[in-house]
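Participant: My file is structure.txt. It has compact mmCIF, C-alpha atoms:
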```txt
# COMPACT_ATOMS: atom_id res chain seq x y z
CA PHE O 417 103.78 129.73 100.50
CA HIS O 418 106.30 127.01 101.20
CA ASP O 419 107.37 125.81 104.66
CA VAL O 420 105.78 128.84 106.31
CA ARG O 421 104.86 128.23 109.96
CA ILE O 422 101.76 130.36 109.83
CA GLY O 423 100.76 129.49 113.41
CA GLU O 424 104.03 130.81 114.79
CA GLU O 425 103.78 133.92 112.61
CA LEU O 426 100.28 134.72 113.88
CA SER O 427 101.22 133.95 117.48
CA ALA O 428 103.83 136.68 117.31
CA PHE O 429 101.07 139.21 116.59
CA PHE O 430 98.65 137.76 119.16
CA PRO O 431 100.85 136.54 122.03
CA GLN O 432 97.98 136.34 124.54
CA ILE O 433 95.68 134.32 122.29
CA PRO O 434 96.13 130.63 121.41
CA VAL O 435 96.54 130.10 117.66
CA TYR O 436 95.58 126.80 116.03
CA VAL O 437 96.19 125.80 112.43
CA GLU O 438 94.34 122.86 110.93
CA ASN O 439 93.25 121.56 107.55
CA ASP O 440 89.69 122.69 106.78
CA ALA O 441 88.53 119.15 105.94
CA ASN O 442 89.86 117.92 109.29
CA CYS O 443 87.94 120.73 110.99
CA ALA O 444 84.75 119.64 109.24
CA ALA O 445 85.39 116.07 110.37
CA ILE O 446 85.89 117.24 113.96
CA ALA O 447 82.59 119.15 113.94
CA GLU O 448 80.62 116.23 112.54
CA SER O 449 82.29 113.79 114.94
CA GLU O 450 81.86 115.92 118.05
CA SER O 451 78.25 117.04 117.63
CA GLY O 452 77.12 116.44 114.06
CA ALA O 453 76.08 113.51 111.93
CA ALA O 454 78.86 111.24 113.29
CA ARG O 455 78.53 112.13 116.98
CA ALA O 456 77.32 108.61 117.90
CA TYR O 457 80.29 106.93 116.17
CA ALA O 458 83.89 106.52 117.32
CA SER O 459 85.30 106.19 113.80
CA SER O 460 84.13 108.29 110.86
CA VAL O 461 85.21 109.86 107.60
CA THR O 462 83.83 113.23 106.50
CA ILE O 463 84.13 114.12 102.82
CA THR O 464 83.45 117.51 101.26
CA LEU O 465 82.50 117.55 97.59
CA GLY O 466 83.13 121.05 96.29
CA THR O 467 85.64 122.68 93.98
CA GLY O 468 87.87 119.76 94.92
CA VAL O 469 87.52 116.88 97.35
CA GLY O 470 88.45 117.24 101.00
CA ALA O 471 88.39 114.52 103.64
CA GLY O 472 88.98 114.14 107.34
CA VAL O 473 89.38 110.78 109.08
CA ILE O 474 88.44 110.29 112.72
CA ILE O 475 89.58 107.10 114.45
CA GLU O 476 88.45 106.55 118.04
CA LYS O 477 87.42 110.22 118.15
CA LYS O 478 90.92 111.38 117.16
CA VAL O 479 91.95 112.99 113.88
CA PHE O 480 94.15 110.74 111.75
CA VAL O 481 96.80 112.55 109.69
CA GLY O 482 99.37 109.82 109.07
CA TYR O 483 103.13 109.96 109.47
CA SER O 484 103.43 112.80 106.94
CA ASN O 485 100.76 114.87 108.72
CA LEU O 486 99.12 115.23 105.29
CA ALA O 487 96.72 112.29 105.17
CA PRO O 488 94.14 111.69 103.94
CA GLU O 489 94.16 113.06 100.40
CA ILE O 490 91.18 111.09 99.13
CA GLY O 491 90.76 113.40 96.15
CA HIS O 492 94.03 111.99 94.80
CA LEU O 493 92.93 108.37 94.87
CA VAL O 494 93.36 106.86 91.41
CA ILE O 495 89.99 105.43 90.44
CA GLU O 496 90.37 105.40 86.65
CA THR O 497 93.54 104.89 84.62
CA ASP O 498 92.00 105.45 81.20
CA GLY O 499 89.80 108.48 81.67
CA GLU O 500 90.25 112.04 82.89
CA PRO O 501 93.81 113.40 82.47
CA ALA O 502 94.31 113.56 86.24
CA HIS O 503 93.00 109.99 86.79
CA ALA O 504 92.25 111.05 90.37
CA ALA O 505 88.95 110.90 92.20
CA ALA O 506 88.58 114.68 92.36
CA ALA O 507 88.25 114.83 88.57
CA TYR O 508 85.18 112.61 88.83
CA ILE O 509 83.46 113.18 92.17
CA SER O 510 83.98 116.87 93.01
CA ALA O 511 81.34 119.44 92.14
CA THR O 512 83.77 120.71 89.51
CA GLY O 513 84.02 117.23 88.02
CA LEU O 514 80.24 116.89 87.92
CA ILE O 515 79.92 120.25 86.17
CA GLU O 516 82.49 119.25 83.56
CA GLN O 517 80.75 115.93 82.94
CA THR O 518 77.43 117.78 82.61
CA ALA O 519 78.93 120.25 80.16
CA ARG O 520 80.16 117.44 77.93
CA ALA O 521 76.72 115.84 77.99
CA VAL O 522 75.12 119.15 77.03
CA CYS O 523 77.41 119.37 74.00
CA SER O 524 76.75 115.75 73.05
CA HIS O 525 72.96 116.04 73.48
CA PRO O 526 72.02 119.57 72.37
CA ASP O 527 68.33 118.65 72.08
CA SER O 528 68.05 117.16 75.56
CA ARG O 529 66.19 118.58 78.52
CA LEU O 530 69.59 118.84 80.17
CA ALA O 531 70.81 121.22 77.46
CA LEU O 532 67.58 123.23 77.66
CA LEU O 533 67.92 123.73 81.42
CA ALA O 534 71.56 124.75 81.05
CA HIS O 535 70.61 127.38 78.47
CA GLU O 536 67.64 128.60 80.54
CA ASP O 537 69.80 129.02 83.65
CA GLY O 538 72.60 130.63 81.68
CA ALA O 539 75.18 128.42 83.40
CA ILE O 540 75.90 124.82 84.29
CA THR O 541 76.12 124.04 87.99
CA ALA O 542 76.25 120.89 90.12
CA LYS O 543 72.44 121.11 90.29
CA THR O 544 71.83 121.03 86.54
CA ALA O 545 72.13 117.30 85.93
CA PHE O 546 70.09 116.41 89.02
CA ALA O 547 67.32 118.83 87.98
CA ALA O 548 67.14 117.38 84.47
CA ALA O 549 67.32 113.81 85.79
CA ARG O 550 64.25 114.51 87.92
CA GLN O 551 62.48 115.32 84.65
CA SER O 552 63.45 111.90 83.27
CA ASP O 553 66.04 113.25 80.86
CA ALA O 554 68.14 110.31 79.64
CA ALA O 555 71.33 112.33 79.14
CA ALA O 556 71.16 113.74 82.65
CA GLN O 557 70.41 110.33 84.15
CA GLU O 558 73.50 108.95 82.44
CA VAL O 559 75.62 111.76 83.93
CA ILE O 560 74.26 111.14 87.42
CA GLN O 561 74.69 107.39 87.19
CA ARG O 562 78.31 107.80 86.11
CA TYR O 563 78.92 110.31 88.88
CA LEU O 564 77.39 108.03 91.52
CA HIS O 565 79.41 105.08 90.26
CA TYR O 566 82.74 106.87 90.66
CA LEU O 567 81.68 108.31 94.01
CA ALA O 568 80.75 104.81 95.20
CA ILE O 569 84.11 103.46 93.99
CA SER O 570 85.87 106.20 95.98
CA LEU O 571 83.82 105.44 99.08
CA SER O 572 84.53 101.73 98.76
CA ASN O 573 88.27 102.50 98.87
CA ILE O 574 87.67 104.46 102.07
CA VAL O 575 85.74 101.56 103.57
CA TYR O 576 88.56 99.14 102.77
CA CYS O 577 91.35 101.45 103.97
CA TYR O 578 89.88 102.98 107.13
CA GLY O 579 86.90 100.78 108.06
CA PRO O 580 84.76 103.68 109.33
CA GLN O 581 81.43 103.19 111.04
CA ILE O 582 79.97 106.10 109.09
CA ILE O 583 80.87 108.25 106.08
CA VAL O 584 79.54 111.81 106.20
CA LEU O 585 79.14 113.74 102.95
CA GLY O 586 79.25 117.53 102.75
CA GLY O 587 79.75 120.22 100.14
CA GLY O 588 77.46 121.78 97.57
CA VAL O 589 76.60 118.53 95.79
CA CYS O 590 75.02 117.24 98.99
CA ASN O 591 72.28 119.85 98.82
CA GLU O 592 70.51 117.27 96.64
CA GLY O 593 69.72 115.34 99.82
CA SER O 594 68.01 111.99 99.33
CA ALA O 595 68.30 112.31 95.54
CA LEU O 596 72.03 111.81 96.10
CA LEU O 597 72.15 109.67 99.21
CA GLU O 598 69.64 106.93 98.36
CA PRO O 599 70.98 105.91 94.93
CA LEU O 600 74.53 106.33 96.23
CA SER O 601 73.83 103.87 99.06
CA ARG O 602 72.55 101.33 96.55
CA GLU O 603 75.57 101.81 94.28
CA LEU O 604 77.97 101.53 97.20
CA ASP O 605 76.42 98.21 98.21
CA ARG O 606 76.75 97.05 94.62
CA VAL O 607 80.48 97.76 94.35
CA LEU O 608 81.47 96.58 97.84
CA MET O 609 82.46 93.02 98.55
CA PRO O 610 79.58 91.05 100.13
CA ASP O 611 81.22 90.95 103.56
CA SER O 612 81.49 94.76 103.63
CA ARG O 613 77.93 95.58 102.57
CA GLY O 614 75.67 97.19 105.10
CA LYS O 615 78.46 97.76 107.61
CA VAL O 616 79.01 101.47 107.07
CA ALA O 617 76.38 104.17 107.44
CA LEU O 618 76.07 107.08 105.01
CA ALA O 619 74.82 110.48 106.11
CA LEU O 620 74.72 114.08 104.98
CA ALA O 621 76.72 116.61 106.97
CA HIS O 622 74.68 118.06 109.82
CA TYR O 623 76.51 121.37 109.69
CA LYS O 624 76.57 121.53 105.87
CA ASN O 625 78.92 124.27 104.65
CA ASP O 626 79.52 125.55 108.20
CA ALA O 627 81.21 122.33 109.37
CA GLY O 628 84.72 123.64 108.75
CA ILE O 629 84.33 126.86 110.71
CA ILE O 630 82.48 125.11 113.54
CA GLY O 631 85.18 122.45 113.75
CA SER O 632 87.90 125.08 113.85
CA ALA O 633 86.22 126.68 116.87
CA MET O 634 86.30 123.26 118.54
CA LEU O 635 90.10 123.04 118.29
CA TYR O 636 90.53 125.15 121.41
CA ASP O 637 88.06 123.08 123.41
CA SER O 638 89.64 119.79 122.37
CA ASP O 639 93.09 121.12 123.27
CA GLU O 640 91.85 122.23 126.68
CA ARG O 641 90.38 118.78 127.30
CA ARG O 642 93.67 117.19 126.21
CA ARG O 643 95.62 119.45 128.57
CA GLY O 644 93.22 118.58 131.41
CA GLN O 645 93.76 114.90 130.75
CA ILE O 646 97.55 115.33 130.86
CA ILE O 647 97.34 117.25 134.17
CA SER O 648 95.04 114.58 135.61
CA GLU O 649 97.43 111.83 134.56
CA GLN O 650 100.38 113.71 136.10
CA LYS O 651 98.54 114.10 139.42
CA THR O 652 97.78 110.40 139.59
```
Could you rewrite the structure in this file as structure tokens?
Facilitator:
Amino acid sequence: FHDVRIGEELSAFFPQIPVYVENDANCAAIAESESGAARAYASSVTITLGTGVGAGVIIEKKVFVGYSNLAPEIGHLVIETDGEPAHAAAAYISATGLIEQTARAVCSHPDSRLALLAHEDGAITAKTAFAAARQSDAAAQEVIQRYLHYLAISLSNIVYCYGPQIIVLGGGVCNEGSALLEPLSRELDRVLMPDSRGKVALALAHYKNDAGIIGSAMLYDSDERRRGQIISEQKT
């Protein structure tokens, strides 16, 4: 599709029902900001680490989309100029990127516990390297450390650009829980400038993989509140 106004198209079929169209990452950010992990914060960034990298920025409880209405595209941040062909963050910090890095490590270390787990499971997933790392496999630990480093670099760029109070992480990779969050927090503090350390909270998405659909359901409510505010302002 190119320049298709899908909202208008759907409204023609459902004239009595409000139709809202929003980026799924923005919807996830709305859900986490309204009643999830970021509910106590006015400014937050929610990132989903899945097939790609999605992100939604909330500033003073409002979604930020930039002048182009396309921001933020955090997955396209250049974090390495002499590495993956795409050079962008998504090639390093998405679940897909982690799987590809794990696959290369399996080929390079065929006798490792990492390789054994991959063969036992019959497939390499975002869980494989974490599972092998928990068994003290050196190859897996190297994969995880590299992954965390690039994720921390990406988060540091977000801290510098948007200055959020909290960064919320979602997507399949975040099912690792504290095994992801704790070392990531340490690595983020390591790569941040001293004045920025300890000033942004990290949390896992409260709504997990349902954040997007829950946030989309909130679009109607937020629009109704906005309309009520406009009416109130007009009356005064």
Participant: Is it possible to get the residues within 7 Å of (91.6, 113.8, 95.5) (coordinates as in the file, counting only C-alpha atoms) written as a list in words?
Facilitator: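 Applying the cut-off with only C-alpha atoms, one gets Val469, Glu489, Ile490, Gly491, His492, Leu493, Ala504, Ala505 and Ala506 of chain O.
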Participant: Set the distance at 12 Å and use only C-alpha atoms: which residues neighbour O:Gly593 once local chain neighbours fewer than 2 positions away are removed? I'd like the list as number ranges by chain.
Facilitator: O: 543, 546, 585-591, 595-600, 618-622, 624
Participant: Can you tell me, as number ranges by chain, what residues are no more than 9 Å from O:Leu533 when counting only C-alpha atoms, ignoring any on the same chain fewer than 4 positions away?
Facilitator: O: 528-529, 537-540, 544-545, 547-548
Participant: Given only C-alpha atoms as the basis, pick out the residue of O:Pro580, O:Gly423, O:Pro610, O:Pro431 nearest to O:Gly472.
Facilitator: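 Selected residue with least distance to O:Gly472: O:Pro580.
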Participant: By how many Å are atom CA of O:Glu536 and atom CA of O:Ala519 apart?
Facilitator: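 Computed distance, atom CA of O:Glu536 to atom CA of O:Ala519, equals 14.0 Å.
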Participant: Just checking: using only C-alpha atoms, which residue out of O:Ile582, O:Cys577, O:Ala456, O:Leu635 ends up closest to O:Pro434?
Facilitator: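 Result for the nearest residue to O:Pro434: O:Leu635.
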Participant: Give me, please, the distance in Å between atom CA of O:Ser552 and atom CA of O:Arg602, quoted to one decimal.
Facilitator: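 One can read the atom CA of O:Ser552 to atom CA of O:Arg602 distance as 19.3 Å.
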Participant: I'd like the neighbourhood of O:Arg520 as a ChimeraX atom specification, where a residue qualifies if any of its atoms comes within 12 Å (using all atoms listed in the file), though same-chain residues fewer than 3 positions away should be ignored.
Facilitator: /O:513-517,523-526,530-531,534,540,545,555-556,558-559
Participant: Would you please work out which residue, of O:Ile474, O:Ile509, O:Leu426, O:Val616, is nearest to O:Arg455 when using only C-alpha atoms?
Facilitator: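 Closest candidate: O:Ile474.
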Participant: Tell me which of O:Asp527, O:Gly466, O:Thr541, O:Ala471 sits closest to O:Ala507, counting all atoms listed in the file.
Facilitator: O:Gly466
